[in-house]
Amino acid sequence: RHADAPVLGTDLAGAAAGSLLTLLTPVFVAILAPLFLAESTRLRQWAGIGIALAGAIVVSGGGTGPSLLGDFLLVGASLTWAAYTVLGAPLVRKLGALEITTSASLWALPMMIPGTILELASGAHLAATGAGLLGALYLGIFATALAWWAWYRGVERLPAVTTAVFFLAQPVVGIALSIPIFHFPLTFGFAGGSLLVVVGMLLAT
């Protein structure tokens, strides 16, 4: 159910707040890793996270959304993703990222049924069109299953904090893709923020 929280939170609070508040994931990982994995977060890593987070805020535009519930859900999504990363790390390192991701995906299927029933009962409908099916396949396979596998593959081979720092590249990649696809302008703020993200990631890793 983790995937529902950022979607609902973004719907309530707006895309800008969704992009900003979910960036707290590396901060929560840095707090939880020493407690549950005995992986200390060094001062240099905290500095790198701070610099990269500042750059990501510049890139994403900053600011919270109009809905306090939406903001709360987005922060909660960051915390649960951090917990998913840290608490799952020992099992991933023992059994492998592919096995754990496959098992988690199978367990997620029945967990999605109550939410699906509630949404359908509230008037939502399935878009049985070619574009709708392609969108569902992309979200299910690429944006969820493969993304989880790639994330846990990093956790399998690297300290949790090192892996989590790369989360801060998310708004940079998103806006960089929007420039050629949606013709967003290339601004000095985006360039400067991206540079801070890269510097912070290098420092933290």
# chains A, B, ... in the order shown; residues from 1 in each chain; ligands from 1

$ residues_around --residues "stretch 34-40 of chain A" --least-positions-apart "6" --cutoff "9 Å" --atoms "only C-alpha atoms" --output "list of chain:residue names"
A:Val86, A:Leu87, A:Ala89, A:Pro90, A:Pro159, A:Ala160, A:Val161

$ residues_around --residues "A:Gly96" --least-positions-apart "5" --cutoff "12 Å" --atoms "only C-alpha atoms" --output "list in words"
Gly88, Ala89, Pro90, Leu91, Thr101, Thr102, Ser103, Trp149, Ala150, Trp151, Tyr152, Arg153, Gly154, Val155, Glu156 and Arg157 of chain A

$ atom_distance --atom1 "atom CA of A:Gly70" --atom2 "atom CA of A:Met111"
21.6 Å

$ closest_residue --among "A:Leu126, A:Ala97, A:Thr162, A:Pro185" --to "A:Ala30" --atoms "only C-alpha atoms"
A:Thr162

$ residues_around --residues "A:Ala47" --least-positions-apart "5" --cutoff "8 Å" --atoms "only C-alpha atoms" --output "number ranges by chain"
A: 200, 203-204

$ write_last_selection --atoms "N, CA, C and O atoms" --output "PDB file, in the first residue's frame"
ATOM      1  N   GLY A 200      26.235  17.111  -3.862  1.00  0.00           N
ATOM      2  CA  GLY A 200      25.813  16.476  -2.620  1.00  0.00           C
ATOM      3  C   GLY A 200      25.841  14.971  -2.704  1.00  0.00           C
ATOM      4  O   GLY A 200      26.279  14.284  -1.762  1.00  0.00           O
ATOM      5  N   LEU A 203      29.438  13.794  -2.547  1.00  0.00           N
ATOM      6  CA  LEU A 203      29.960  13.933  -1.184  1.00  0.00           C
ATOM      7  C   LEU A 203      29.422  12.839  -0.276  1.00  0.00           C
ATOM      8  O   LEU A 203      30.156  12.257   0.532  1.00  0.00           O
ATOM      9  N   ALA A 204      28.147  12.519  -0.428  1.00  0.00           N
ATOM     10  CA  ALA A 204      27.512  11.551   0.456  1.00  0.00           C
ATOM     11  C   ALA A 204      27.890  10.108   0.129  1.00  0.00           C
ATOM     12  O   ALA A 204      27.794   9.233   0.974  1.00  0.00           O
TER      13      ALA A 204
END

$ residues_around --residues "A:Val29" --least-positions-apart "2" --cutoff "9 Å" --atoms "only C-alpha atoms" --output "short mmCIF file (atom, residue, chain, number, x, y, z; two decimals) with all heavy atoms, in the first residue's frame"
data_model
loop_
_atom_site.label_atom_id
_atom_site.label_comp_id
_atom_site.auth_asym_id
_atom_site.auth_seq_id
_atom_site.Cartn_x
_atom_site.Cartn_y
_atom_site.Cartn_z
N LEU A 24 12.19 13.58 1.45
CA LEU A 24 12.64 13.34 2.82
C LEU A 24 13.08 11.90 3.04
O LEU A 24 13.63 11.58 4.09
CB LEU A 24 11.52 13.69 3.81
CG LEU A 24 11.15 15.17 3.90
CD1 LEU A 24 9.92 15.35 4.78
CD2 LEU A 24 12.32 15.98 4.44
N THR A 25 12.84 11.03 2.06
CA THR A 25 13.21 9.61 2.20
C THR A 25 14.67 9.42 2.61
O THR A 25 14.95 8.67 3.56
CB THR A 25 12.91 8.84 0.90
OG1 THR A 25 11.49 8.82 0.71
CG2 THR A 25 13.41 7.41 0.98
N PRO A 26 15.67 10.04 1.95
CA PRO A 26 17.06 9.83 2.38
C PRO A 26 17.32 10.29 3.81
O PRO A 26 18.15 9.70 4.50
CB PRO A 26 17.87 10.67 1.38
CG PRO A 26 16.98 10.83 0.20
CD PRO A 26 15.59 10.88 0.75
N VAL A 27 16.62 11.33 4.24
CA VAL A 27 16.78 11.81 5.62
C VAL A 27 16.31 10.74 6.59
O VAL A 27 16.99 10.42 7.58
CB VAL A 27 16.00 13.12 5.83
CG1 VAL A 27 16.09 13.56 7.29
CG2 VAL A 27 16.52 14.22 4.90
N ILE A 31 18.45 8.36 9.36
CA ILE A 31 18.09 8.26 10.78
C ILE A 31 17.90 6.80 11.19
O ILE A 31 18.34 6.38 12.27
CB ILE A 31 16.82 9.08 11.07
CG1 ILE A 31 17.08 10.57 10.87
CG2 ILE A 31 16.31 8.82 12.49
CD1 ILE A 31 15.83 11.44 10.92
N LEU A 32 17.25 6.02 10.33
CA LEU A 32 16.89 4.64 10.68
C LEU A 32 18.04 3.65 10.53
O LEU A 32 18.12 2.67 11.28
CB LEU A 32 15.71 4.18 9.81
CG LEU A 32 14.38 4.91 10.00
CD1 LEU A 32 13.36 4.42 8.99
CD2 LEU A 32 13.86 4.72 11.42
N ALA A 33 18.92 3.88 9.56
CA ALA A 33 20.00 2.91 9.29
C ALA A 33 20.89 2.64 10.50
O ALA A 33 21.22 1.48 10.78
CB ALA A 33 20.83 3.37 8.10
N PRO A 34 21.31 3.66 11.26
CA PRO A 34 22.12 3.35 12.45
C PRO A 34 21.35 2.55 13.50
O PRO A 34 21.94 1.76 14.24
CB PRO A 34 22.50 4.75 12.98
CG PRO A 34 22.36 5.66 11.82
CD PRO A 34 21.22 5.11 11.02
N LEU A 79 8.50 8.29 4.91
CA LEU A 79 8.90 7.50 6.07
C LEU A 79 8.71 6.00 5.81
O LEU A 79 9.59 5.19 6.14
CB LEU A 79 8.09 7.93 7.30
CG LEU A 79 8.36 7.15 8.60
CD1 LEU A 79 9.84 7.23 8.98
CD2 LEU A 79 7.48 7.68 9.72
N TRP A 81 8.66 4.47 2.92
CA TRP A 81 9.64 4.01 1.92
C TRP A 81 11.01 3.84 2.57
O TRP A 81 11.73 2.89 2.26
CB TRP A 81 9.72 5.00 0.77
CG TRP A 81 10.61 4.52 -0.34
CD1 TRP A 81 11.88 4.93 -0.61
CD2 TRP A 81 10.31 3.50 -1.30
NE1 TRP A 81 12.39 4.24 -1.69
CE2 TRP A 81 11.44 3.36 -2.14
CE3 TRP A 81 9.20 2.70 -1.54
CZ2 TRP A 81 11.49 2.45 -3.19
CZ3 TRP A 81 9.24 1.80 -2.59
CH2 TRP A 81 10.38 1.68 -3.40
N ALA A 82 11.36 4.74 3.48
CA ALA A 82 12.63 4.60 4.20
C ALA A 82 12.62 3.34 5.06
O ALA A 82 13.61 2.59 5.10
CB ALA A 82 12.87 5.83 5.07
N ALA A 83 11.50 3.07 5.73
CA ALA A 83 11.39 1.86 6.55
C ALA A 83 11.45 0.62 5.68
O ALA A 83 12.09 -0.38 6.03
CB ALA A 83 10.09 1.89 7.35
N THR A 85 13.04 0.34 2.95
CA THR A 85 14.44 0.20 2.53
C THR A 85 15.29 -0.40 3.64
O THR A 85 16.03 -1.37 3.43
CB THR A 85 15.00 1.58 2.13
OG1 THR A 85 14.23 2.10 1.04
CG2 THR A 85 16.46 1.48 1.72
N VAL A 86 15.19 0.17 4.83
CA VAL A 86 16.07 -0.22 5.94
C VAL A 86 15.69 -1.58 6.51
O VAL A 86 16.55 -2.46 6.69
CB VAL A 86 16.03 0.86 7.04
CG1 VAL A 86 16.78 0.39 8.28
CG2 VAL A 86 16.64 2.16 6.52
N ALA A 160 22.67 1.36 3.04
CA ALA A 160 21.34 1.91 2.79
C ALA A 160 21.37 3.41 2.53
O ALA A 160 20.67 3.91 1.65
CB ALA A 160 20.42 1.59 3.96
N VAL A 161 22.18 4.14 3.29
CA VAL A 161 22.23 5.60 3.11
C VAL A 161 22.81 5.95 1.75
O VAL A 161 22.33 6.87 1.07
CB VAL A 161 23.06 6.25 4.23
CG1 VAL A 161 23.24 7.74 3.97
CG2 VAL A 161 22.40 6.03 5.58
N ALA A 164 20.07 5.49 -0.70
CA ALA A 164 18.97 6.45 -0.54
C ALA A 164 19.31 7.83 -1.09
O ALA A 164 18.42 8.56 -1.53
CB ALA A 164 18.59 6.56 0.93
#

$ select_by_dssp --residues "chain A" --states "helix (DSSP H, G or I)" --output "PyMOL selection string"
chain A and resi 4-13+15-36+43-60+68-95+97-121+130-157+160-182+188-204

$ atom_distance --atom1 "atom CA of A:Leu98" --atom2 "atom CA of A:Gly130"
29.4 Å
